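To be precise, the following lines are input.cif, and they hold mmCIF, C-alpha atoms.
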```
data_model
#
loop_
_atom_site.label_atom_id
_atom_site.label_comp_id
_atom_site.auth_asym_id
_atom_site.auth_seq_id
_atom_site.Cartn_x
_atom_site.Cartn_y
_atom_site.Cartn_z
CA MET U 27 15.35 5.27 30.99
CA ARG U 28 14.28 2.58 28.52
CA LYS U 29 15.79 2.98 25.06
CA PRO U 30 13.62 3.03 21.91
CA ILE U 31 13.17 -0.37 20.30
CA ILE U 32 14.03 1.16 16.89
CA GLU U 33 16.50 4.01 16.52
CA VAL U 34 17.40 5.30 13.05
CA ASN U 35 20.04 8.00 12.55
CA GLY U 36 21.00 9.54 9.20
CA LEU U 37 20.14 6.36 7.30
CA GLY U 38 20.71 6.35 3.55
CA LYS U 39 20.95 3.84 0.71
CA CYS U 40 22.59 4.71 -2.62
CA TYR U 41 22.38 2.58 -5.76
CA ARG U 42 24.44 2.99 -8.91
CA LEU U 43 22.10 2.97 -11.88
CA GLY U 44 23.34 1.19 -14.98
CA GLN U 45 25.89 -0.86 -13.06
CA ILE U 46 25.08 -4.36 -11.91
CA GLY U 47 28.63 -5.10 -10.86
CA MET U 48 32.14 -5.63 -12.21
CA THR U 49 32.79 -8.93 -13.92
CA SER U 50 36.14 -9.23 -12.16
CA LEU U 51 38.57 -7.44 -9.90
CA ARG U 52 40.96 -7.08 -12.86
CA GLU U 53 38.29 -5.25 -14.92
CA SER U 54 37.57 -2.95 -12.01
CA ILE U 55 41.26 -2.05 -11.62
CA ASN U 56 41.82 -1.63 -15.38
CA ARG U 57 38.77 0.60 -15.74
CA SER U 58 39.87 2.79 -12.82
CA TRP U 59 43.37 3.05 -14.30
CA ARG U 60 42.03 4.02 -17.75
CA LYS U 61 39.86 6.69 -16.14
CA PHE U 62 42.85 8.02 -14.18
CA THR U 63 45.12 8.20 -17.25
CA GLY U 64 42.42 9.43 -19.58
CA ARG U 65 42.79 6.41 -21.89
CA THR U 66 39.17 5.30 -21.86
CA LEU U 67 38.03 2.67 -24.32
CA PRO U 68 34.86 2.81 -26.45
CA GLY U 69 31.99 1.66 -24.31
CA ASP U 70 33.55 2.72 -21.00
CA GLU U 71 31.30 5.78 -20.86
CA ASN U 72 28.24 3.53 -21.25
CA LYS U 73 29.31 1.53 -18.21
CA SER U 74 29.47 4.58 -15.99
CA ALA U 75 26.89 4.59 -13.23
CA GLN U 76 24.62 7.32 -11.96
CA GLU U 77 24.01 7.54 -8.24
CA PHE U 78 20.44 7.15 -7.03
CA TRP U 79 19.56 7.63 -3.37
CA ALA U 80 16.58 5.40 -2.64
CA VAL U 81 16.43 6.76 0.93
CA ARG U 82 18.46 9.59 2.42
CA ASP U 83 18.82 11.39 5.76
CA ILE U 84 16.25 9.18 7.50
CA SER U 85 16.08 9.65 11.27
CA PHE U 86 13.31 8.60 13.66
CA LYS U 87 12.67 6.62 16.85
CA VAL U 88 10.01 4.05 17.68
CA GLU U 89 9.02 3.13 21.22
CA ARG U 90 8.02 -0.36 22.29
CA GLY U 91 4.42 -1.23 21.48
CA GLU U 92 3.95 1.48 18.84
CA VAL U 93 2.22 0.73 15.55
CA ILE U 94 3.76 2.98 12.91
CA GLY U 95 2.20 3.47 9.48
CA ILE U 96 4.42 4.26 6.50
CA ILE U 97 2.81 5.78 3.40
CA GLY U 98 3.86 7.45 0.17
CA ARG U 99 3.73 7.06 -3.57
CA ASN U 100 5.39 4.16 -5.39
CA GLY U 101 9.16 4.70 -5.47
CA ALA U 102 9.16 6.97 -2.42
CA GLY U 103 11.57 4.68 -0.52
CA LYS U 104 9.21 2.80 1.81
CA SER U 105 10.24 -0.73 0.84
CA THR U 106 13.92 0.18 0.79
CA LEU U 107 13.63 1.39 4.38
CA LEU U 108 12.05 -1.88 5.47
CA LYS U 109 14.80 -3.88 3.74
CA LEU U 110 17.41 -1.84 5.58
CA LEU U 111 15.67 -2.38 8.92
CA SER U 112 15.31 -6.10 8.17
CA ARG U 113 19.05 -6.37 7.37
CA ILE U 114 18.26 -7.62 3.86
CA THR U 115 20.52 -4.90 2.46
CA ASP U 116 23.21 -2.76 4.07
CA PRO U 117 22.96 1.03 4.33
CA THR U 118 25.35 3.30 2.46
CA VAL U 119 25.43 5.80 5.32
CA GLY U 120 23.93 6.06 8.79
CA GLU U 121 22.76 3.33 11.11
CA ALA U 122 19.61 1.61 12.33
CA ARG U 123 19.51 -0.04 15.75
CA LEU U 124 16.78 -2.57 16.45
CA ARG U 125 16.60 -3.90 19.98
CA GLY U 126 14.64 -7.13 19.58
CA ARG U 127 13.87 -10.03 17.30
CA VAL U 128 12.51 -8.99 13.91
CA ALA U 129 9.96 -10.82 11.74
CA SER U 130 9.52 -9.35 8.25
CA LEU U 131 6.84 -9.88 5.63
CA LEU U 132 8.11 -7.93 2.64
CA GLU U 133 7.36 -9.98 -0.48
CA VAL U 134 5.25 -13.01 -1.33
CA GLY U 135 7.34 -16.07 -0.52
CA THR U 136 10.10 -14.26 1.37
CA GLY U 137 11.73 -16.61 3.87
CA PHE U 138 10.03 -19.73 2.51
CA HIS U 139 11.75 -22.57 0.66
CA PRO U 140 9.49 -23.60 -2.22
CA GLU U 141 10.39 -27.29 -2.01
CA LEU U 142 9.57 -27.55 1.69
CA THR U 143 6.06 -28.17 3.00
CA ALA U 144 4.07 -25.57 4.89
CA LYS U 145 4.86 -27.32 8.19
CA GLU U 146 8.56 -27.52 7.43
CA ASN U 147 8.66 -23.82 6.51
CA ILE U 148 7.00 -22.91 9.80
CA TYR U 149 9.77 -24.68 11.71
CA LEU U 150 12.40 -23.15 9.40
CA ASN U 151 11.16 -19.62 10.09
CA GLY U 152 11.05 -20.33 13.81
CA ALA U 153 14.68 -21.46 13.70
CA ILE U 154 15.63 -18.27 11.84
CA LEU U 155 14.03 -16.27 14.64
CA GLY U 156 16.07 -18.23 17.19
CA MET U 157 13.19 -20.28 18.59
CA THR U 158 13.50 -23.89 19.70
CA ARG U 159 11.50 -26.67 18.07
CA ALA U 160 9.41 -27.02 21.23
CA GLU U 161 8.52 -23.31 21.15
CA VAL U 162 7.38 -23.54 17.52
CA THR U 163 5.38 -26.71 18.25
CA ARG U 164 3.38 -24.88 20.94
CA LYS U 165 2.40 -22.26 18.36
CA LEU U 166 1.85 -24.63 15.42
CA ASP U 167 -1.90 -25.21 15.79
CA GLU U 168 -2.55 -21.51 16.29
CA ILE U 169 -0.54 -20.62 13.17
CA VAL U 170 -2.23 -23.23 10.99
CA ASP U 171 -5.70 -22.23 12.19
CA PHE U 172 -5.03 -18.53 11.54
CA ALA U 173 -3.65 -19.18 8.05
CA GLY U 174 -6.43 -21.64 7.16
CA VAL U 175 -4.08 -24.15 5.53
CA GLU U 176 -4.93 -27.26 7.56
CA LYS U 177 -5.53 -29.38 4.45
CA PHE U 178 -2.25 -28.31 2.87
CA LEU U 179 0.10 -28.58 5.83
CA ASP U 180 2.15 -31.32 4.15
CA THR U 181 2.06 -29.75 0.68
CA PRO U 182 5.18 -28.03 -0.76
CA VAL U 183 4.53 -24.29 -0.71
CA LYS U 184 5.57 -24.00 -4.38
CA ARG U 185 2.06 -25.26 -5.12
CA PHE U 186 0.43 -22.50 -3.03
CA SER U 187 -1.34 -19.56 -4.60
CA SER U 188 -0.03 -16.08 -3.77
CA GLY U 189 -2.93 -15.61 -1.34
CA MET U 190 -2.12 -18.85 0.52
CA TYR U 191 1.55 -17.82 0.63
CA VAL U 192 0.67 -14.51 2.26
CA ARG U 193 -1.76 -16.06 4.77
CA LEU U 194 0.83 -18.55 5.94
CA ALA U 195 3.70 -16.05 5.94
CA PHE U 196 1.74 -13.51 7.98
CA ALA U 197 0.54 -16.15 10.43
CA VAL U 198 4.13 -17.30 10.99
CA ALA U 199 5.46 -13.75 11.37
CA ALA U 200 2.69 -12.69 13.79
CA HIS U 201 2.66 -15.78 16.01
CA LEU U 202 6.33 -16.64 16.47
CA GLU U 203 6.81 -13.97 19.14
CA PRO U 204 9.02 -11.35 17.45
CA GLU U 205 9.47 -8.07 19.32
CA ILE U 206 9.28 -6.18 16.00
CA LEU U 207 6.87 -7.06 13.16
CA ILE U 208 7.56 -5.45 9.77
CA VAL U 209 4.80 -5.76 7.15
CA ASP U 210 4.94 -4.40 3.61
CA GLU U 211 2.08 -4.08 1.10
CA VAL U 212 1.81 -7.84 0.52
CA LEU U 213 -1.37 -8.05 2.60
CA ALA U 214 -3.17 -6.57 -0.41
CA VAL U 215 -2.77 -9.97 -2.08
CA GLY U 216 -5.05 -11.61 0.48
CA ASP U 217 -8.83 -11.59 0.33
CA ALA U 218 -10.97 -9.11 2.28
CA ASP U 219 -11.67 -11.48 5.19
CA PHE U 220 -7.99 -12.24 5.68
CA GLN U 221 -7.01 -8.56 5.46
CA LYS U 222 -9.51 -7.78 8.19
CA LYS U 223 -8.18 -10.63 10.34
CA ALA U 224 -4.57 -9.57 9.74
CA LEU U 225 -5.27 -5.97 10.73
CA GLY U 226 -6.97 -7.19 13.88
CA LYS U 227 -3.97 -9.37 14.71
CA MET U 228 -1.51 -6.50 14.25
CA SER U 229 -3.60 -4.33 16.54
CA GLU U 230 -3.79 -7.17 19.08
CA VAL U 231 -0.06 -7.89 19.20
CA SER U 232 0.68 -4.21 19.82
CA THR U 233 -1.99 -3.36 22.41
CA GLN U 234 -2.18 -6.64 24.31
CA ILE U 235 1.29 -8.12 23.89
CA GLY U 236 3.28 -4.91 23.49
CA ARG U 237 5.02 -5.71 20.23
CA THR U 238 6.12 -3.06 17.78
CA VAL U 239 4.68 -2.98 14.24
CA LEU U 240 5.85 -1.13 11.12
CA PHE U 241 3.11 -1.25 8.48
CA VAL U 242 3.44 -0.07 4.87
CA SER U 243 0.21 0.20 2.88
CA HIS U 244 -1.56 2.18 0.18
CA GLN U 245 -4.87 1.51 1.95
CA MET U 246 -5.41 4.66 3.98
CA SER U 247 -8.39 3.15 5.79
CA ALA U 248 -6.17 0.30 7.08
CA ILE U 249 -3.44 2.72 8.17
CA SER U 250 -5.91 4.96 10.01
CA LYS U 251 -7.55 1.98 11.71
CA ILE U 252 -4.49 0.58 13.52
CA CYS U 253 -1.80 3.30 13.43
CA LYS U 254 -1.78 6.34 15.71
CA ARG U 255 1.45 7.64 14.18
CA THR U 256 2.41 7.67 10.50
CA LEU U 257 5.48 8.56 8.43
CA LEU U 258 5.01 10.07 4.97
CA PHE U 259 7.81 9.35 2.50
CA SER U 260 8.54 11.41 -0.59
CA GLU U 261 11.59 11.05 -2.86
CA GLY U 262 13.46 8.97 -0.32
CA ARG U 263 12.99 11.32 2.62
CA ILE U 264 10.53 11.65 5.47
CA LYS U 265 8.19 14.45 4.49
CA ALA U 266 5.97 14.25 7.59
CA ASP U 267 5.93 12.39 10.91
CA GLY U 268 2.92 12.80 13.16
CA GLN U 269 -0.67 11.89 13.96
CA THR U 270 -2.05 9.53 11.34
CA GLU U 271 -5.05 11.62 10.30
CA ASP U 272 -2.92 14.75 9.84
CA VAL U 273 -0.30 12.92 7.79
CA ILE U 274 -2.88 11.18 5.59
CA ASN U 275 -4.66 14.48 4.94
CA LEU U 276 -1.32 15.97 3.89
CA TYR U 277 -0.69 13.02 1.57
CA LEU U 278 -4.15 13.02 0.00
CA GLY U 279 -4.23 16.80 -0.16
CA ASN U 280 -1.16 16.99 -2.39
CA GLU U 281 -2.91 18.04 -5.61
CA GLU U 282 0.13 17.88 -7.84
CA GLU U 283 2.89 15.27 -7.76
CA ASN U 284 5.06 13.71 -10.45
CA GLY U 285 3.35 15.89 -13.06
CA ASN U 286 -0.08 14.28 -12.68
CA SER U 287 -3.02 16.11 -11.20
CA ILE U 288 -4.65 14.09 -8.45
CA PHE U 289 -8.06 14.59 -10.10
CA HIS U 290 -6.74 13.42 -13.50
CA ALA U 291 -4.32 10.50 -13.28
CA LYS U 292 -2.56 8.88 -16.22
CA ILE U 293 -1.06 5.49 -15.41
CA PRO U 294 2.14 4.26 -17.14
CA ASP U 295 1.35 1.38 -19.47
CA VAL U 296 4.03 -1.07 -18.33
CA THR U 297 1.98 -4.06 -17.25
CA LYS U 298 1.18 -7.24 -19.16
CA LYS U 299 -2.10 -7.82 -17.35
CA PRO U 300 -5.04 -8.92 -19.54
CA MET U 301 -7.14 -5.95 -18.38
CA VAL U 302 -5.57 -2.76 -17.08
CA ILE U 303 -6.71 0.73 -16.03
CA LYS U 304 -4.99 3.38 -18.18
CA SER U 305 -6.38 6.60 -16.70
CA CYS U 306 -9.03 8.11 -14.43
CA ALA U 307 -10.46 11.60 -14.32
CA VAL U 308 -13.08 13.45 -12.28
CA THR U 309 -15.09 15.71 -14.60
CA ASP U 310 -17.66 18.47 -14.26
CA ASN U 311 -20.93 18.91 -16.18
CA SER U 312 -19.00 20.02 -19.27
CA GLY U 313 -16.90 16.86 -19.29
CA ASN U 314 -13.67 18.67 -18.36
CA PRO U 315 -11.32 17.30 -15.66
CA ALA U 316 -11.86 19.30 -12.49
CA SER U 317 -10.61 19.26 -8.92
CA ILE U 318 -13.56 21.28 -7.59
CA ILE U 319 -17.18 20.29 -8.26
CA ARG U 320 -20.15 22.43 -7.23
CA SER U 321 -22.69 20.66 -5.03
CA SER U 322 -25.42 21.25 -7.64
CA GLU U 323 -23.41 19.48 -10.36
CA GLN U 324 -23.16 15.82 -11.25
CA ILE U 325 -19.92 14.07 -10.33
CA LYS U 326 -18.51 11.92 -13.10
CA LEU U 327 -15.56 9.55 -12.97
CA LEU U 328 -14.24 8.58 -16.39
CA THR U 329 -12.02 5.48 -16.50
CA LYS U 330 -10.16 4.25 -19.58
CA ILE U 331 -9.35 0.54 -19.77
CA ARG U 332 -7.10 -1.46 -22.03
CA CYS U 333 -8.45 -4.95 -22.61
CA LEU U 334 -6.03 -7.36 -24.27
CA ASP U 335 -7.87 -10.44 -23.05
CA PHE U 336 -11.38 -9.94 -21.66
CA ILE U 337 -12.11 -11.95 -18.50
CA PRO U 338 -15.77 -13.03 -18.20
CA GLY U 339 -17.34 -12.07 -14.87
CA SER U 340 -15.03 -9.10 -14.35
CA CYS U 341 -16.44 -5.95 -12.76
CA MET U 342 -15.48 -2.34 -12.19
CA ALA U 343 -15.17 -1.60 -8.46
CA TYR U 344 -15.67 2.01 -7.44
CA CYS U 345 -14.84 3.02 -3.86
CA LEU U 346 -15.35 6.54 -2.53
CA VAL U 347 -13.78 7.72 0.76
CA ASP U 348 -14.48 11.02 2.52
CA ARG U 349 -12.00 13.34 4.28
CA HIS U 350 -12.49 11.46 7.56
CA LEU U 351 -11.33 8.26 5.77
CA ARG U 352 -14.81 6.76 5.98
CA ARG U 353 -15.94 4.62 3.07
CA VAL U 354 -18.99 6.29 1.52
CA PHE U 355 -19.75 3.30 -0.69
CA LEU U 356 -18.26 0.39 -2.64
CA LYS U 357 -20.02 -0.40 -5.90
CA PHE U 358 -19.42 -3.31 -8.32
CA ILE U 359 -20.61 -2.94 -11.91
CA LYS U 360 -20.26 -5.76 -14.44
CA ILE U 361 -18.07 -5.09 -17.49
CA GLU U 362 -19.67 -6.16 -20.75
CA SER U 363 -17.51 -7.89 -23.33
CA PRO U 364 -15.90 -5.05 -25.33
CA VAL U 365 -15.87 -4.81 -29.12
CA THR U 366 -12.42 -3.19 -29.20
CA LYS U 367 -9.32 -3.42 -27.01
CA GLU U 368 -9.99 0.05 -25.54
CA LEU U 369 -13.07 1.02 -23.57
CA GLU U 370 -14.20 3.84 -21.33
CA THR U 371 -16.52 3.69 -18.33
CA GLU U 372 -18.47 6.58 -16.86
CA PHE U 373 -19.69 6.48 -13.25
CA THR U 374 -22.07 9.33 -12.36
CA ILE U 375 -23.35 10.53 -8.98
CA ARG U 376 -26.42 12.78 -8.86
CA PRO U 377 -26.16 16.43 -7.69
CA ASN U 378 -26.67 17.37 -4.04
CA LEU U 379 -25.98 13.86 -2.75
CA LEU U 380 -22.58 14.23 -1.08
CA VAL U 381 -21.84 16.59 1.79
CA PRO U 382 -19.42 19.37 0.70
CA GLY U 383 -15.81 18.47 1.44
CA SER U 384 -12.90 16.42 0.07
CA TYR U 385 -13.30 12.92 -1.38
CA THR U 386 -10.99 10.30 -2.84
CA TRP U 387 -11.68 7.64 -5.48
CA SER U 388 -10.18 4.17 -5.61
CA VAL U 389 -10.83 2.13 -8.75
CA ALA U 390 -10.22 -1.52 -9.61
CA ILE U 391 -11.05 -4.27 -12.06
CA VAL U 392 -12.04 -7.33 -10.06
CA ILE U 393 -13.84 -10.62 -10.04
CA PRO U 394 -15.86 -10.09 -6.82
CA ASN U 395 -14.78 -12.36 -3.93
CA VAL U 396 -12.26 -14.08 -6.21
CA ARG U 397 -9.35 -11.89 -7.26
CA LEU U 398 -8.05 -8.44 -8.15
CA ILE U 399 -7.13 -7.99 -11.82
CA ASP U 400 -5.89 -4.38 -11.65
CA GLY U 401 -6.52 -1.56 -9.20
CA HIS U 402 -5.34 1.77 -7.81
CA GLU U 403 -5.94 3.18 -4.33
CA ASN U 404 -6.62 6.92 -3.91
CA ILE U 405 -6.13 7.60 -7.59
CA CYS U 406 -8.36 10.69 -7.87
CA ARG U 407 -9.21 13.34 -5.31
CA PHE U 408 -11.76 16.13 -5.65
CA THR U 409 -13.57 18.69 -3.52
CA ILE U 410 -17.29 19.48 -3.45
CA ARG U 411 -18.02 23.16 -2.82
CA ASP U 412 -21.40 24.35 -1.51
CA ASP U 413 -22.82 26.75 -4.12
CA GLY U 414 -25.66 27.98 -1.91
CA THR U 415 -28.11 25.13 -2.30
CA ASP U 416 -27.23 23.60 1.09
CA LEU U 417 -26.97 25.38 4.42
CA ILE U 418 -24.25 23.30 6.05
CA ASN U 419 -20.64 23.87 7.02
CA PRO U 420 -18.75 20.55 7.03
CA GLU U 421 -15.58 22.21 8.29
CA SER U 422 -17.13 22.95 11.69
CA GLU U 423 -19.51 20.00 12.03
CA ASP U 424 -19.54 16.37 10.94
CA TYR U 425 -22.73 15.94 8.92
CA GLY U 426 -21.86 12.46 7.69
CA CYS U 427 -21.37 11.70 4.01
CA VAL U 428 -24.68 12.21 2.19
CA ILE U 429 -27.49 14.76 2.07
CA LEU U 430 -30.94 13.21 2.00
CA SER U 431 -33.44 14.84 -0.34
CA GLN U 432 -37.19 14.69 0.28
CA SER U 433 -37.53 11.83 -2.21
CA ASP U 434 -35.01 9.75 -0.23
CA TYR U 435 -37.06 9.42 2.96
CA THR U 436 -40.50 9.67 4.53
CA HIS U 437 -41.41 11.30 7.80
CA SER U 438 -44.68 11.33 9.70
CA GLN U 439 -45.89 12.95 12.89
CA ILE U 440 -48.51 11.45 15.15
CA ASN U 441 -50.17 13.53 17.80
CA CYS U 442 -50.85 11.50 20.94
#
```

Hey, can you dump this file as structure tokens for me?
Amino acid sequence: MRKPIIEVNGLGKCYRLGQIGMTSLRESINRSWRKFTGRTLPGDENKSAQEFWAVRDISFKVERGEVIGIIGRNGAGKSTLLKLLSRITDPTVGEARLRGRVASLLEVGTGFHPELTAKENIYLNGAILGMTRAEVTRKLDEIVDFAGVEKFLDTPVKRFSSGMYVRLAFAVAAHLEPEILIVDEVLAVGDADFQKKALGKMSEVSTQIGRTVLFVSHQMSAISKICKRTLLFSEGRIKADGQTEDVINLYLGNEEENGNSIFHAKIPDVTKKPMVIKSCAVTDNSGNPASIIRSSEQIKLLTKIRCLDFIPGSCMAYCLVDRHLRRVFLKFIKIESPVTKELETEFTIRPNLLVPGSYTWSVAIVIPNVRLIDGHENICRFTIRDDGTDLINPESEDYGCVILSQSDYTHSQINC
């Protein structure tokens, strides 16, 4: 019987918060001796470290050719797991067995030397994967064409933008014949066309070539498109492992996590971006945050923005996704130059437009087709309840996303 290509048993990684490391072996021994004898010095208690388990008790198996999605909130342990599987860091407990060559794309610029050219970095990565120069040469044209960096092949990658970095890094990782491809959220840096091409490539290498893919993303539509199986992480543990749609519904259906209601999200103000989203809230007709909206009510999304340095041409991007992970719409609305550093936007949808059911908002500040300034996927979730104005049951039938009123269409009948 063929063994799984990835086998993880009781994997865990513990960090000691507040402790970067001892300055010397002598200090380590002296501190341990003082603790043993009870003769601690002032400041010793401040150097004590608190244990933090980034991941704990992780066990799962992956068969060859599977594409596994990994989802969860920030800090849930997804990236730590990938670093453990990629051998970037060692586990505290447990083991992970990978039976094949691994190519990882975890952070922008990982595995690239900034002083080397794009071409030199391609050969460097091939050598790391154990490929000969001749093997890399056969793939070179295909890699360069996929990444779209023909004009910059002899340019040091330190001069590349983050998007160019990601395009080249993904092209190298996907084309240099690894048995296991590990991809973190860095694809979000690329533009929409490249993301679409990258998702297609991951699907291709799994279905046609039989390679295994582990894919971490906050884009539920991308996960549902290429992954049949998904792992949901929460507080360093696997909360769910199953069919992608079921796991995503469990993730999006969690109405309360980390003290923030999913229909009213406050975002920690820790960024130095020129324009940043501070909070979002779905409100009812009275202007109160609500998780359930009646079908006869307007749906309002209130977004508060901090604007330290207004960027001309910036827009609010509103994306609404239904419970089947279908995009209902994506709307860009230009942001006018604000008078103050704080502003609030209100996006309103008319009553009786959306089919009753669950919906999820994603919100971003963007310059369309150029770059993302700040954004949050699946930040607010709400449910539309039929209050008797519509005679449909979306739980038993798929009626699509919108309800057409008589003013939205025309219909004629011709007797022949």

For the PyMOL selection byres ((chain U and resi 385-399) around 8), applied here, can you spell out every residue it catches as a PDB file with C-alpha atoms, in the coordinates of the input?
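Saved file out_16.pdb follows:
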```pdb
ATOM      1  CA  ASP U 217      -8.830 -11.590   0.330  1.00  0.00           C
ATOM      2  CA  ALA U 218     -10.970  -9.110   2.280  1.00  0.00           C
ATOM      3  CA  LEU U 278      -4.150  13.020   0.000  1.00  0.00           C
ATOM      4  CA  LYS U 299      -2.100  -7.820 -17.350  1.00  0.00           C
ATOM      5  CA  MET U 301      -7.140  -5.950 -18.380  1.00  0.00           C
ATOM      6  CA  VAL U 302      -5.570  -2.760 -17.080  1.00  0.00           C
ATOM      7  CA  ILE U 303      -6.710   0.730 -16.030  1.00  0.00           C
ATOM      8  CA  GLY U 339     -17.340 -12.070 -14.870  1.00  0.00           C
ATOM      9  CA  SER U 340     -15.030  -9.100 -14.350  1.00  0.00           C
ATOM     10  CA  CYS U 341     -16.440  -5.950 -12.760  1.00  0.00           C
ATOM     11  CA  MET U 342     -15.480  -2.340 -12.190  1.00  0.00           C
ATOM     12  CA  ALA U 343     -15.170  -1.600  -8.460  1.00  0.00           C
ATOM     13  CA  TYR U 344     -15.670   2.010  -7.440  1.00  0.00           C
ATOM     14  CA  CYS U 345     -14.840   3.020  -3.860  1.00  0.00           C
ATOM     15  CA  LEU U 346     -15.350   6.540  -2.530  1.00  0.00           C
ATOM     16  CA  VAL U 347     -13.780   7.720   0.760  1.00  0.00           C
ATOM     17  CA  ASP U 348     -14.480  11.020   2.520  1.00  0.00           C
ATOM     18  CA  ARG U 349     -12.000  13.340   4.280  1.00  0.00           C
ATOM     19  CA  PHE U 358     -19.420  -3.310  -8.320  1.00  0.00           C
ATOM     20  CA  GLY U 383     -15.810  18.470   1.440  1.00  0.00           C
ATOM     21  CA  SER U 384     -12.900  16.420   0.070  1.00  0.00           C
ATOM     22  CA  ASP U 400      -5.890  -4.380 -11.650  1.00  0.00           C
ATOM     23  CA  GLY U 401      -6.520  -1.560  -9.200  1.00  0.00           C
ATOM     24  CA  HIS U 402      -5.340   1.770  -7.810  1.00  0.00           C
ATOM     25  CA  GLU U 403      -5.940   3.180  -4.330  1.00  0.00           C
ATOM     26  CA  ASN U 404      -6.620   6.920  -3.910  1.00  0.00           C
ATOM     27  CA  ILE U 405      -6.130   7.600  -7.590  1.00  0.00           C
ATOM     28  CA  CYS U 406      -8.360  10.690  -7.870  1.00  0.00           C
ATOM     29  CA  ARG U 407      -9.210  13.340  -5.310  1.00  0.00           C
ATOM     30  CA  PHE U 408     -11.760  16.130  -5.650  1.00  0.00           C
ATOM     31  CA  THR U 409     -13.570  18.690  -3.520  1.00  0.00           C
ATOM     32  CA  ILE U 410     -17.290  19.480  -3.450  1.00  0.00           C
TER      33      ILE U 410
END
```

With distances taken over only C-alpha atoms, which of U:Tyr149, U:Ala248, U:Phe336, U:Arg376 is nearest to U:Glu362?
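Of U:Tyr149, U:Ala248, U:Phe336, U:Arg376, the one nearest U:Glu362 is U:Phe336, counting only C-alpha atoms.
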
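Separating atom CA of U:Ser105 from atom CA of U:Ile249 is a distance of 15.9 Å.
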
Atom CA of U:Gln324 to atom CA of U:Leu379, distance in Å rounded to a single decimal
9.2 Å

What does the structure give for the distance between atom CA of U:Lys177 and atom CA of U:Phe138, in Å to one decimal?
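Value for the atom CA of U:Lys177-atom CA of U:Phe138 distance: 18.4 Å.
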
Identify which of the residues U:Lys145, U:Lys360, U:Arg352, U:Arg255 lies closest to U:Arg159, counting only C-alpha atoms when measuring atom-to-atom distances.
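Result for the nearest residue to U:Arg159: U:Lys145.
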
One residue among U:Ile440, U:Val81, U:Ala122, U:Val34 is nearest to U:Gly262 when using all atoms listed in the file, and that residue is U:Val81

Point (-3.0, -18.5, 2.7) neighbourhood (7 Å, only C-alpha atoms) written as an MDAnalysis selection string:
chainID U and resid 173:175 189:194

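In this comparison, which uses only C-alpha atoms, the residue of U:Ile235, U:Val128, U:Leu257, U:Val354 approaching U:Ile206 most closely is U:Val128.
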
Output of the PyMOL selection byres ((chain U and resi 99) around 12), listed as a PDB file with C-alpha atoms, in the frame of the given file:
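Output below, filename result.pdb:
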```pdb
ATOM      1  CA  ILE U  96       4.420   4.260   6.500  1.00  0.00           C
ATOM      2  CA  ILE U  97       2.810   5.780   3.400  1.00  0.00           C
ATOM      3  CA  GLY U  98       3.860   7.450   0.170  1.00  0.00           C
ATOM      4  CA  ASN U 100       5.390   4.160  -5.390  1.00  0.00           C
ATOM      5  CA  GLY U 101       9.160   4.700  -5.470  1.00  0.00           C
ATOM      6  CA  ALA U 102       9.160   6.970  -2.420  1.00  0.00           C
ATOM      7  CA  GLY U 103      11.570   4.680  -0.520  1.00  0.00           C
ATOM      8  CA  LYS U 104       9.210   2.800   1.810  1.00  0.00           C
ATOM      9  CA  SER U 105      10.240  -0.730   0.840  1.00  0.00           C
ATOM     10  CA  VAL U 242       3.440  -0.070   4.870  1.00  0.00           C
ATOM     11  CA  SER U 243       0.210   0.200   2.880  1.00  0.00           C
ATOM     12  CA  HIS U 244      -1.560   2.180   0.180  1.00  0.00           C
ATOM     13  CA  GLN U 245      -4.870   1.510   1.950  1.00  0.00           C
ATOM     14  CA  LEU U 258       5.010  10.070   4.970  1.00  0.00           C
ATOM     15  CA  PHE U 259       7.810   9.350   2.500  1.00  0.00           C
ATOM     16  CA  SER U 260       8.540  11.410  -0.590  1.00  0.00           C
ATOM     17  CA  GLU U 261      11.590  11.050  -2.860  1.00  0.00           C
ATOM     18  CA  GLY U 262      13.460   8.970  -0.320  1.00  0.00           C
ATOM     19  CA  ARG U 263      12.990  11.320   2.620  1.00  0.00           C
ATOM     20  CA  LYS U 265       8.190  14.450   4.490  1.00  0.00           C
ATOM     21  CA  TYR U 277      -0.690  13.020   1.570  1.00  0.00           C
ATOM     22  CA  LEU U 278      -4.150  13.020   0.000  1.00  0.00           C
ATOM     23  CA  ASN U 280      -1.160  16.990  -2.390  1.00  0.00           C
ATOM     24  CA  GLU U 283       2.890  15.270  -7.760  1.00  0.00           C
ATOM     25  CA  ASN U 284       5.060  13.710 -10.450  1.00  0.00           C
ATOM     26  CA  ILE U 288      -4.650  14.090  -8.450  1.00  0.00           C
ATOM     27  CA  HIS U 402      -5.340   1.770  -7.810  1.00  0.00           C
ATOM     28  CA  GLU U 403      -5.940   3.180  -4.330  1.00  0.00           C
ATOM     29  CA  ASN U 404      -6.620   6.920  -3.910  1.00  0.00           C
ATOM     30  CA  ILE U 405      -6.130   7.600  -7.590  1.00  0.00           C
TER      31      ILE U 405
END
```

Please determine, counting only C-alpha atoms, which residue among U:Gly95, U:Ala266, U:Glu372, U:Leu207 has the shortest atom-to-atom distance to U:Gly313.
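The closest residue to U:Gly313 is U:Glu372.
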